[in-house]
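Trainee: start-v9.cif is reproduced below (mmCIF, C-alpha atoms).
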```cif
data_target
loop_
_atom_site.label_atom_id
_atom_site.label_comp_id
_atom_site.auth_asym_id
_atom_site.auth_seq_id
_atom_site.Cartn_x
_atom_site.Cartn_y
_atom_site.Cartn_z
CA MET A 27 212.09 23.29 126.38
CA PRO A 28 215.01 23.73 128.75
CA GLY A 29 214.35 24.22 132.44
CA ARG A 30 210.88 22.68 132.38
CA THR A 31 210.10 19.27 133.79
CA LEU A 32 208.38 17.17 131.20
CA LEU A 33 206.60 13.88 131.59
CA GLU A 34 207.04 11.16 129.03
CA CYS A 35 203.63 10.10 127.79
CA ALA A 36 203.19 7.08 125.55
CA PHE A 37 200.02 5.73 124.04
CA LEU A 38 199.09 2.89 121.74
CA ILE A 39 196.69 3.21 118.84
CA PRO A 40 195.66 -0.13 117.33
CA ILE A 41 195.85 -0.05 113.55
CA SER A 42 192.39 -1.61 113.25
CA ARG A 43 188.97 -0.81 114.64
CA ASP A 44 187.70 -2.87 117.54
CA ARG A 45 186.07 -6.04 116.20
CA ASN A 46 183.26 -6.12 118.74
CA LEU A 47 182.53 -2.44 118.87
CA SER A 48 182.96 -2.01 115.13
CA ASP A 49 184.05 -3.95 112.06
CA GLY A 50 187.74 -4.67 112.75
CA ARG A 51 188.80 -2.92 109.53
CA LEU A 52 191.95 -0.88 109.17
CA HIS A 53 191.45 2.80 109.94
CA SER A 54 190.94 5.23 107.15
CA VAL A 55 193.86 7.54 106.45
CA ASP A 56 191.52 10.40 107.39
CA VAL A 57 191.48 9.49 111.07
CA TRP A 58 195.26 9.13 111.16
CA ARG A 59 195.47 12.58 109.57
CA TRP A 60 193.17 13.95 112.22
CA LEU A 61 195.28 12.50 115.03
CA GLU A 62 198.52 13.75 113.54
CA GLU A 63 197.11 17.24 113.07
CA GLU A 64 195.84 17.34 116.65
CA LEU A 65 199.22 16.25 117.99
CA TRP A 66 200.92 18.76 115.73
CA ALA A 67 198.73 21.69 116.79
CA ARG A 68 198.21 20.88 120.48
CA PHE A 69 201.57 19.43 121.49
CA ARG A 70 203.87 20.49 118.67
CA GLY A 71 204.20 16.96 117.41
CA ALA A 72 205.06 13.51 118.66
CA SER A 73 207.41 10.63 117.96
CA ARG A 74 206.24 7.37 116.56
CA ALA A 75 207.95 4.11 117.36
CA LEU A 76 209.42 2.56 114.24
CA VAL A 77 207.83 -0.82 114.85
CA LEU A 78 204.26 -1.82 115.46
CA TYR A 79 203.54 -3.15 118.95
CA GLU A 80 201.87 -6.54 118.97
CA GLY A 81 199.80 -7.46 121.97
CA PHE A 82 196.71 -9.18 123.27
CA TYR A 83 194.17 -8.57 125.99
CA ALA A 84 190.84 -9.88 127.25
CA ASP A 85 187.91 -7.98 125.82
CA PRO A 86 186.09 -6.43 128.80
CA ASP A 87 182.68 -7.26 127.34
CA THR A 88 183.13 -10.67 125.76
CA GLY A 89 186.07 -11.98 127.78
CA GLY A 90 187.56 -13.26 124.54
CA ARG A 91 191.17 -12.81 123.59
CA VAL A 92 191.86 -9.90 121.27
CA ASP A 93 195.13 -9.67 119.37
CA ASP A 94 196.12 -6.35 117.99
CA ARG A 95 198.93 -4.37 116.43
CA SER A 96 199.40 -0.79 117.49
CA ARG A 97 201.26 2.32 116.55
CA LYS A 98 203.06 3.73 119.58
CA TYR A 99 203.28 7.48 120.08
CA GLU A 100 205.40 9.38 122.56
CA VAL A 101 205.02 12.99 123.60
CA ALA A 102 206.83 14.92 126.32
CA LEU A 103 204.39 17.15 128.16
CA GLU A 104 204.17 19.43 131.12
CA ARG A 105 201.95 18.14 133.90
CA LYS A 106 199.33 20.79 133.16
CA GLN A 107 199.01 19.47 129.59
CA ILE A 108 198.06 15.96 130.67
CA PRO A 109 194.29 16.64 130.88
CA GLU A 110 194.40 17.87 127.30
CA LEU A 111 196.10 14.65 126.22
CA ARG A 112 193.42 12.64 128.02
CA ASP A 113 190.73 14.68 126.24
CA LEU A 114 192.39 14.06 122.91
CA LEU A 115 192.57 10.32 123.57
CA THR A 116 188.93 10.23 124.61
CA GLU A 117 188.03 11.67 121.22
CA THR A 118 190.54 9.28 119.63
CA CYS A 119 188.64 6.36 121.17
CA LEU A 120 185.53 7.47 119.33
CA ARG A 121 187.15 8.23 116.01
CA PHE A 122 189.25 5.07 115.98
CA HIS A 123 186.38 2.86 117.21
CA GLN A 124 188.22 1.64 120.31
CA LYS A 125 186.78 0.69 123.67
CA SER A 126 189.84 2.07 125.40
CA ILE A 127 193.33 3.37 124.72
CA TYR A 128 196.44 2.43 126.66
CA LEU A 129 198.21 5.49 128.05
CA SER A 130 201.40 5.47 130.08
CA ILE A 131 202.41 8.67 131.88
CA ALA A 132 205.90 8.52 133.32
CA GLY A 133 205.49 4.78 133.75
CA LYS A 134 202.00 4.86 135.25
CA VAL A 135 199.45 3.14 133.07
CA GLU A 136 195.82 4.09 132.62
CA PHE A 137 193.15 3.27 130.08
CA ILE A 138 191.26 6.07 128.42
CA GLU A 139 187.73 5.08 127.54
CA GLN A 140 185.00 6.39 125.29
CA PRO A 141 182.79 9.02 126.89
CA PRO A 142 179.32 7.82 127.93
CA GLU A 143 176.69 8.37 125.22
CA MET B 24 201.10 12.32 91.34
CA ILE B 25 203.26 15.37 90.58
CA ALA B 26 202.72 16.70 87.09
CA SER B 27 204.51 19.86 86.04
CA ASN B 28 203.58 22.46 88.60
CA SER B 29 200.85 20.68 90.49
CA TYR B 30 200.26 17.72 92.75
CA VAL B 31 197.24 15.43 92.54
CA ASP B 32 196.30 13.86 95.86
CA LEU B 33 194.61 10.55 96.59
CA THR B 34 191.16 12.07 96.30
CA GLY B 35 191.93 13.50 92.88
CA ARG B 36 192.32 17.04 94.17
CA GLU B 37 194.95 19.07 92.36
CA ARG B 38 197.23 21.32 94.39
CA SER B 39 199.24 24.02 92.72
CA LEU B 40 202.93 24.13 93.59
CA SER B 41 203.37 27.62 92.17
CA ASP B 42 203.00 29.27 95.58
CA LEU B 43 205.79 27.21 97.13
CA ASP B 44 209.06 29.07 97.48
CA ALA B 45 212.50 27.63 96.71
CA GLU B 46 213.05 26.31 100.22
CA GLU B 47 209.66 24.63 100.30
CA LEU B 48 210.22 23.06 96.89
CA THR B 49 213.62 21.75 97.96
CA LEU B 50 212.08 20.21 101.06
CA LEU B 51 209.22 18.75 99.03
CA ASP B 52 211.77 17.10 96.74
CA ARG B 53 213.54 15.65 99.77
CA ILE B 54 210.29 14.35 101.26
CA ARG B 55 209.25 12.83 97.93
CA ALA B 56 212.64 11.22 97.46
CA HIS B 57 212.41 9.71 100.93
CA ALA B 58 208.88 8.41 100.31
CA ALA B 59 210.14 6.81 97.09
CA THR B 60 212.51 4.60 99.09
CA ASN B 61 209.43 2.99 100.72
CA PRO B 62 210.48 3.63 104.31
CA ASP B 63 208.45 2.24 107.19
CA TRP B 64 205.35 4.34 107.64
CA SER B 65 206.17 5.65 111.11
CA GLU B 66 209.74 6.39 110.14
CA PHE B 67 208.46 8.45 107.24
CA THR B 68 205.97 10.33 109.44
CA ASN B 69 208.71 11.14 111.92
CA PHE B 70 210.88 12.32 109.04
CA TRP B 71 208.54 14.72 107.31
CA THR B 72 206.95 16.16 110.43
CA GLY B 73 210.41 16.92 111.80
CA GLU B 74 211.56 18.51 108.56
CA ILE B 75 208.45 20.64 108.14
CA ALA B 76 208.53 21.70 111.79
CA ALA B 77 212.12 22.85 111.39
CA LEU B 78 211.27 24.88 108.29
CA TYR B 79 208.11 26.58 109.47
CA ASP B 80 209.02 26.96 113.13
CA GLY B 81 212.09 28.77 111.89
CA ARG B 82 209.82 31.16 110.02
CA GLY B 83 207.71 31.79 113.11
CA LEU B 84 204.58 30.11 111.73
CA SER B 85 202.12 28.67 114.23
CA ARG B 86 201.47 24.97 114.01
CA LYS B 87 197.94 25.63 112.77
CA GLU B 88 199.32 27.80 110.00
CA SER B 89 201.94 25.27 108.97
CA ALA B 90 199.35 22.48 108.97
CA ARG B 91 197.39 24.45 106.37
CA SER B 92 200.38 24.78 104.04
CA ALA B 93 200.46 22.99 100.72
CA LEU B 94 203.75 21.38 101.72
CA PHE B 95 202.20 19.86 104.85
CA ARG B 96 199.17 18.62 102.92
CA ILE B 97 201.28 17.02 100.21
CA ALA B 98 203.52 15.34 102.79
CA GLN B 99 200.39 14.03 104.49
CA ASP B 100 199.19 12.65 101.19
CA LEU B 101 202.51 10.88 100.62
CA ASP B 102 202.17 9.53 104.16
CA ASP B 103 198.67 8.26 103.37
CA ARG B 104 199.90 6.54 100.24
CA LEU B 105 202.67 4.81 102.14
CA ALA B 106 200.30 3.62 104.88
CA ILE B 107 197.89 2.23 102.30
CA ALA B 108 200.66 0.59 100.25
CA GLN B 109 202.07 -1.06 103.37
CA GLY B 110 198.64 -2.39 104.36
CA LEU B 111 198.46 -0.31 107.53
CA ALA B 112 195.55 1.98 106.65
CA ARG B 113 192.89 2.26 103.98
CA ALA B 114 191.43 4.93 101.76
CA PRO B 115 188.31 6.53 103.22
CA ASP B 116 184.88 5.43 102.05
CA TYR B 117 181.48 7.13 102.18
CA ARG B 118 180.96 6.04 105.79
CA ASP B 119 184.09 7.85 106.90
CA GLU B 120 182.92 10.94 105.07
CA LEU B 121 179.50 10.62 106.67
CA ALA B 122 181.05 10.41 110.15
CA GLU B 123 183.10 13.51 109.43
CA LEU B 124 180.06 15.38 108.13
CA ILE B 125 178.15 14.55 111.32
CA ARG B 126 181.04 15.73 113.51
CA GLU B 127 181.43 18.96 111.59
CA ARG B 128 177.83 20.00 111.14
CA PHE B 129 175.77 18.43 113.91
CA LYS B 130 176.03 18.42 117.67
CA THR B 131 174.96 14.80 117.95
CA ARG B 132 174.16 11.81 115.79
CA ARG B 133 170.57 12.16 116.93
CA GLU B 134 170.43 15.66 115.49
CA PHE B 135 171.79 14.38 112.19
CA CYS B 136 169.22 11.59 112.14
CA ARG B 137 166.37 14.01 112.77
CA ALA B 138 167.59 16.23 109.95
CA THR B 139 168.06 13.44 107.42
CA GLY B 140 165.39 10.91 108.33
CA ILE B 141 167.93 8.09 108.80
CA SER B 142 167.15 6.01 111.90
CA GLU B 143 169.67 6.15 114.73
CA ASP B 144 169.89 2.38 114.76
CA MET B 145 170.68 2.25 111.05
CA LEU B 146 173.24 5.04 111.35
CA SER B 147 174.95 3.23 114.19
CA HIS B 148 175.25 0.06 112.11
CA VAL B 149 176.49 1.99 109.08
CA LEU B 150 179.17 3.91 110.96
CA ALA B 151 180.32 0.75 112.70
CA GLY B 152 180.73 -0.89 109.29
CA ARG B 153 178.05 -3.50 109.84
CA LYS B 154 175.57 -2.27 107.23
CA HIS B 155 175.44 -0.11 104.14
CA LEU B 156 172.98 2.54 103.12
CA ALA B 157 171.38 2.16 99.70
CA ILE B 158 172.58 4.88 97.36
CA ASP B 159 169.13 6.34 96.83
CA THR B 160 168.48 6.39 100.59
CA LEU B 161 171.77 8.14 101.19
CA GLN B 162 171.14 10.57 98.36
CA GLN B 163 167.70 11.51 99.70
CA ALA B 164 169.01 11.87 103.25
CA LEU B 165 171.88 14.08 102.14
CA ALA B 166 169.59 16.23 100.00
CA ARG B 167 167.67 17.13 103.15
CA ILE B 168 170.77 18.74 104.61
CA GLY B 169 171.96 20.38 101.42
CA CYS B 170 174.55 17.78 100.42
CA THR B 171 174.93 15.44 97.49
CA LEU B 172 176.97 12.48 96.26
CA ARG B 173 179.60 12.95 93.59
CA ILE B 174 181.73 10.58 91.59
CA VAL B 175 185.30 11.81 91.34
CA PRO B 176 188.30 10.36 89.57
CA THR B 177 191.16 9.01 91.65
CA GLU B 178 194.73 8.40 90.68
CA ALA B 179 194.30 4.72 91.47
CA THR B 180 191.86 4.29 88.58
CA PRO B 181 193.22 6.09 85.54
CA ALA B 182 190.69 7.46 83.07
CA GLN B 183 190.32 5.46 79.86
#
```
What does this structure look like when you write it as structure tokens?
Mentor:
Amino acid sequence: MPGRTLLECAFLIPISRDRNLSDGRLHSVDVWRWLEEELWARFRGASRALVLYEGFYADPDTGGRVDDRSRKYEVALERKQIPELRDLLTETCLRFHQKSIYLSIAGKVEFIEQPPE
Amino acid sequence: MIASNSYVDLTGRERSLSDLDAEELTLLDRIRAHAATNPDWSEFTNFWTGEIAALYDGRGLSRKESARSALFRIAQDLDDRLAIAQGLARAPDYRDELAELIRERFKTRREFCRATGISEDMLSHVLAGRKHLAIDTLQQALARIGCTLRIVPTEATPAQ
């Protein structure tokens, strides 16, 4: 996409469901398929980091330490596409049973949460 | 998984390869050969999505069209197999299928519960993996919305 300014967007998808919100099991291949197809159709694809990202954080509800391993995705988007990425990640939160998803847009970090019931 | 002119996916569904043209078959061979080397899952996903994009973008297909192609679906299935073999994902179970059914056919979980007679509390526990539905309960609930349970063979459990 020459001539257009693109923003590097990176997000982390833990490979397991949230233990408190759900059962902590690995995701089904179906939800990975869904995410890949959405990225394919909406943003013409994405890159996946070749290693899993290991991290930990304090659970916002229990305060307990949560260790996780995540798949890191990167997409280069125009600024006007960012709301669509946020929408996709909101739906991703639900389908992947996550309380929130880490999203970095050109170095600025935000957490995308599940929509209110 | 590939027998003669067809491909059997993880769910036991057979896909004909007869509609694939020479270029698609060549790419399928390359994708299969790469999967056979047991590459890291993400490396493999990057590989096949890039290859398929190059092929179909070059033909002017939209991404939605290319995602419906047999080649894309087979590559996805190989991707699934790799993820499962590497312990990074699992095969879907009835709860995953139930969640998908609710998303596709009902506006809300509440609407699904009203239609099937399953309590919202129970559904929440089931979809979160904390409880199971008894088979007869599930069967009766599904019958109310015109669905049923089926037992299908999978490649993982060869027929005797």
Trainee: Could you list, as a PDB file with C-alpha atoms, keeping the file's coordinate frame, every residue matched by the PyMOL selection byres ((chain B and resi 171) around 12) in this structure?
Mentor:
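Final file, selection_34.pdb:
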```pdb
ATOM      1  CA  TYR B 117     181.480   7.130 102.180  1.00  0.00           C
ATOM      2  CA  GLU B 120     182.920  10.940 105.070  1.00  0.00           C
ATOM      3  CA  LEU B 121     179.500  10.620 106.670  1.00  0.00           C
ATOM      4  CA  LEU B 124     180.060  15.380 108.130  1.00  0.00           C
ATOM      5  CA  ILE B 158     172.580   4.880  97.360  1.00  0.00           C
ATOM      6  CA  ASP B 159     169.130   6.340  96.830  1.00  0.00           C
ATOM      7  CA  THR B 160     168.480   6.390 100.590  1.00  0.00           C
ATOM      8  CA  LEU B 161     171.770   8.140 101.190  1.00  0.00           C
ATOM      9  CA  GLN B 162     171.140  10.570  98.360  1.00  0.00           C
ATOM     10  CA  GLN B 163     167.700  11.510  99.700  1.00  0.00           C
ATOM     11  CA  ALA B 164     169.010  11.870 103.250  1.00  0.00           C
ATOM     12  CA  LEU B 165     171.880  14.080 102.140  1.00  0.00           C
ATOM     13  CA  ALA B 166     169.590  16.230 100.000  1.00  0.00           C
ATOM     14  CA  ARG B 167     167.670  17.130 103.150  1.00  0.00           C
ATOM     15  CA  ILE B 168     170.770  18.740 104.610  1.00  0.00           C
ATOM     16  CA  GLY B 169     171.960  20.380 101.420  1.00  0.00           C
ATOM     17  CA  CYS B 170     174.550  17.780 100.420  1.00  0.00           C
ATOM     18  CA  LEU B 172     176.970  12.480  96.260  1.00  0.00           C
ATOM     19  CA  ARG B 173     179.600  12.950  93.590  1.00  0.00           C
ATOM     20  CA  ILE B 174     181.730  10.580  91.590  1.00  0.00           C
TER      21      ILE B 174
END
```
Trainee: Using atom CA of A:Ala84 and atom CA of A:Pro40 as the two end points, give the distance in Å to one decimal.
Mentor: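 Going from atom CA of A:Ala84 over to atom CA of A:Pro40, I get 14.7 Å.
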Trainee: Which one is closest to A:Ser54: B:Ile125, B:Ala114, B:Val149, B:Ile141? Count only C-alpha atoms.
Mentor: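 Closest residue, counting only C-alpha atoms: B:Ala114.
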Trainee: Determine the residue set returned by the PyMOL selection byres ((chain A) within 7 of (chain B)) for the present structure, and present it as a list of chain:residue names.
Mentor: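 Taken over the shown coordinates, the PyMOL selection byres ((chain A) within 7 of (chain B)) returns A:Ile41, A:Ser48, A:Asp49, A:Leu52, A:His53, A:Ser54, A:Val55, A:Asp56, A:Trp66, A:Ala67, A:Arg70, A:Ser73, A:Arg74, A:Ala75, A:Leu76.
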Trainee: What is the distance between atom CA of A:Ile127 and atom CA of A:Gly90, in Å to one decimal?
Mentor: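 Taking atom CA of A:Ile127 and atom CA of A:Gly90, their separation equals 17.6 Å.
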Trainee: Can you pull out the residues contacting A:Phe69? Cut-off 9 Å, using only C-alpha atoms, and skip same-chain residues under 6 positions away; I want them as a list of chain:residue names.
Mentor: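 Using only C-alpha atoms, the neighbours found are A:Val101, A:Ala102, A:Leu103, A:Gln107, A:Leu111.
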Trainee: For the residues in the current selection, export C-alpha atoms as an mmCIF file, in the coordinates of the input.
Mentor:
```
data_model
loop_
_atom_site.group_PDB
_atom_site.id
_atom_site.type_symbol
_atom_site.label_atom_id
_atom_site.label_comp_id
_atom_site.auth_asym_id
_atom_site.auth_seq_id
_atom_site.Cartn_x
_atom_site.Cartn_y
_atom_site.Cartn_z
ATOM 1 C CA VAL A 101 205.020 12.990 123.600
ATOM 2 C CA ALA A 102 206.830 14.920 126.320
ATOM 3 C CA LEU A 103 204.390 17.150 128.160
ATOM 4 C CA GLN A 107 199.010 19.470 129.590
ATOM 5 C CA LEU A 111 196.100 14.650 126.220
#
```
Trainee: Residues at most 7 Å from A:Ala72, counting all atoms listed in the file, excluding those fewer than 6 positions away in the same chain, as a list in words?
Mentor: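 Residues near the query, excluding close chain neighbours: Leu65, Tyr99, Glu100 and Val101 of chain A.
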Trainee: Starting from the shown file, work through the PyMOL selection byres ((chain B and resi 41-46) around 9) and note down what comes out as an MDAnalysis selection string.
Mentor: chainID B and resid 28:29 39:40 47:51 78 93:94
Trainee: Enter the distance from atom CA of A:Leu78 to atom CA of A:Leu120, in Å, rounded to one decimal.
Mentor: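 So the two atoms, atom CA of A:Leu78 and atom CA of A:Leu120, lie 21.3 Å apart.
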Trainee: May I ask which of the residues A:Ser126, A:Ala132, A:Arg91, A:Gly71 is the closest one to A:Arg105, counting all atoms listed in the file?
Mentor: A:Ala132
Trainee: Contacts of A:Ile131 at 8 Å or less, counting all atoms listed in the file, minus same-chain residues fewer than 2 places along, as a PyMOL selection string?
Mentor: chain A and resi 33-36+129+133-135
Trainee: Using all atoms listed in the file, can you tell me which of A:Tyr128, A:Cys119, A:Arg68, A:Leu38 comes closest to A:Pro141?
Mentor: A:Cys119
Trainee: Go through A:Val92, A:Val77, A:Ile108, A:Val57 and flag the residue nearest A:Ser130, using all atoms listed in the file for the distances.
Mentor: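 Selected residue with least distance to A:Ser130: A:Ile108.
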Trainee: Point out the residue among A:Thr116, A:Phe122, A:Leu61, A:Glu110 with the least atom-to-atom distance to A:Gln140, counting all atoms listed in the file.
Mentor: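 Closest candidate: A:Thr116.
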Trainee: Can you put N, CA and C atoms back into stretch 54-68 of chain A and show it as an mmCIF file, in the coordinates of the input?
Mentor:
```cif
data_model
loop_
_atom_site.group_PDB
_atom_site.id
_atom_site.type_symbol
_atom_site.label_atom_id
_atom_site.label_comp_id
_atom_site.auth_asym_id
_atom_site.auth_seq_id
_atom_site.Cartn_x
_atom_site.Cartn_y
_atom_site.Cartn_z
ATOM 1 N N SER A 54 190.773 4.406 108.333
ATOM 2 C CA SER A 54 190.940 5.230 107.150
ATOM 3 C C SER A 54 192.103 6.200 107.377
ATOM 4 N N VAL A 55 192.774 6.567 106.309
ATOM 5 C CA VAL A 55 193.860 7.540 106.450
ATOM 6 C C VAL A 55 193.361 8.861 107.036
ATOM 7 N N ASP A 56 192.075 9.140 106.857
ATOM 8 C CA ASP A 56 191.520 10.400 107.390
ATOM 9 C C ASP A 56 191.662 10.492 108.910
ATOM 10 N N VAL A 57 191.407 9.389 109.609
ATOM 11 C CA VAL A 57 191.480 9.490 111.070
ATOM 12 C C VAL A 57 192.931 9.584 111.539
ATOM 13 N N TRP A 58 193.840 8.953 110.822
ATOM 14 C CA TRP A 58 195.260 9.130 111.160
ATOM 15 C C TRP A 58 195.672 10.577 110.937
ATOM 16 N N ARG A 59 195.171 11.163 109.844
ATOM 17 C CA ARG A 59 195.470 12.580 109.570
ATOM 18 C C ARG A 59 194.972 13.448 110.716
ATOM 19 N N TRP A 60 193.758 13.152 111.129
ATOM 20 C CA TRP A 60 193.170 13.950 112.220
ATOM 21 C C TRP A 60 194.049 13.868 113.463
ATOM 22 N N LEU A 61 194.461 12.658 113.824
ATOM 23 C CA LEU A 61 195.280 12.500 115.030
ATOM 24 C C LEU A 61 196.607 13.233 114.898
ATOM 25 N N GLU A 62 197.227 13.089 113.739
ATOM 26 C CA GLU A 62 198.520 13.750 113.540
ATOM 27 C C GLU A 62 198.381 15.269 113.620
ATOM 28 N N GLU A 63 197.309 15.781 113.037
ATOM 29 C CA GLU A 63 197.110 17.240 113.070
ATOM 30 C C GLU A 63 196.841 17.733 114.483
ATOM 31 N N GLU A 64 196.103 16.953 115.256
ATOM 32 C CA GLU A 64 195.840 17.340 116.650
ATOM 33 C C GLU A 64 197.142 17.339 117.449
ATOM 34 N N LEU A 65 197.944 16.315 117.252
ATOM 35 C CA LEU A 65 199.220 16.250 117.990
ATOM 36 C C LEU A 65 200.126 17.400 117.568
ATOM 37 N N TRP A 66 200.097 17.682 116.297
ATOM 38 C CA TRP A 66 200.920 18.760 115.730
ATOM 39 C C TRP A 66 200.521 20.109 116.339
ATOM 40 N N ALA A 67 199.211 20.376 116.340
ATOM 41 C CA ALA A 67 198.730 21.690 116.790
ATOM 42 C C ALA A 67 198.736 21.813 118.318
ATOM 43 N N ARG A 68 198.344 20.762 119.019
ATOM 44 C CA ARG A 68 198.210 20.880 120.480
ATOM 45 C C ARG A 68 199.540 20.726 121.212
#
```
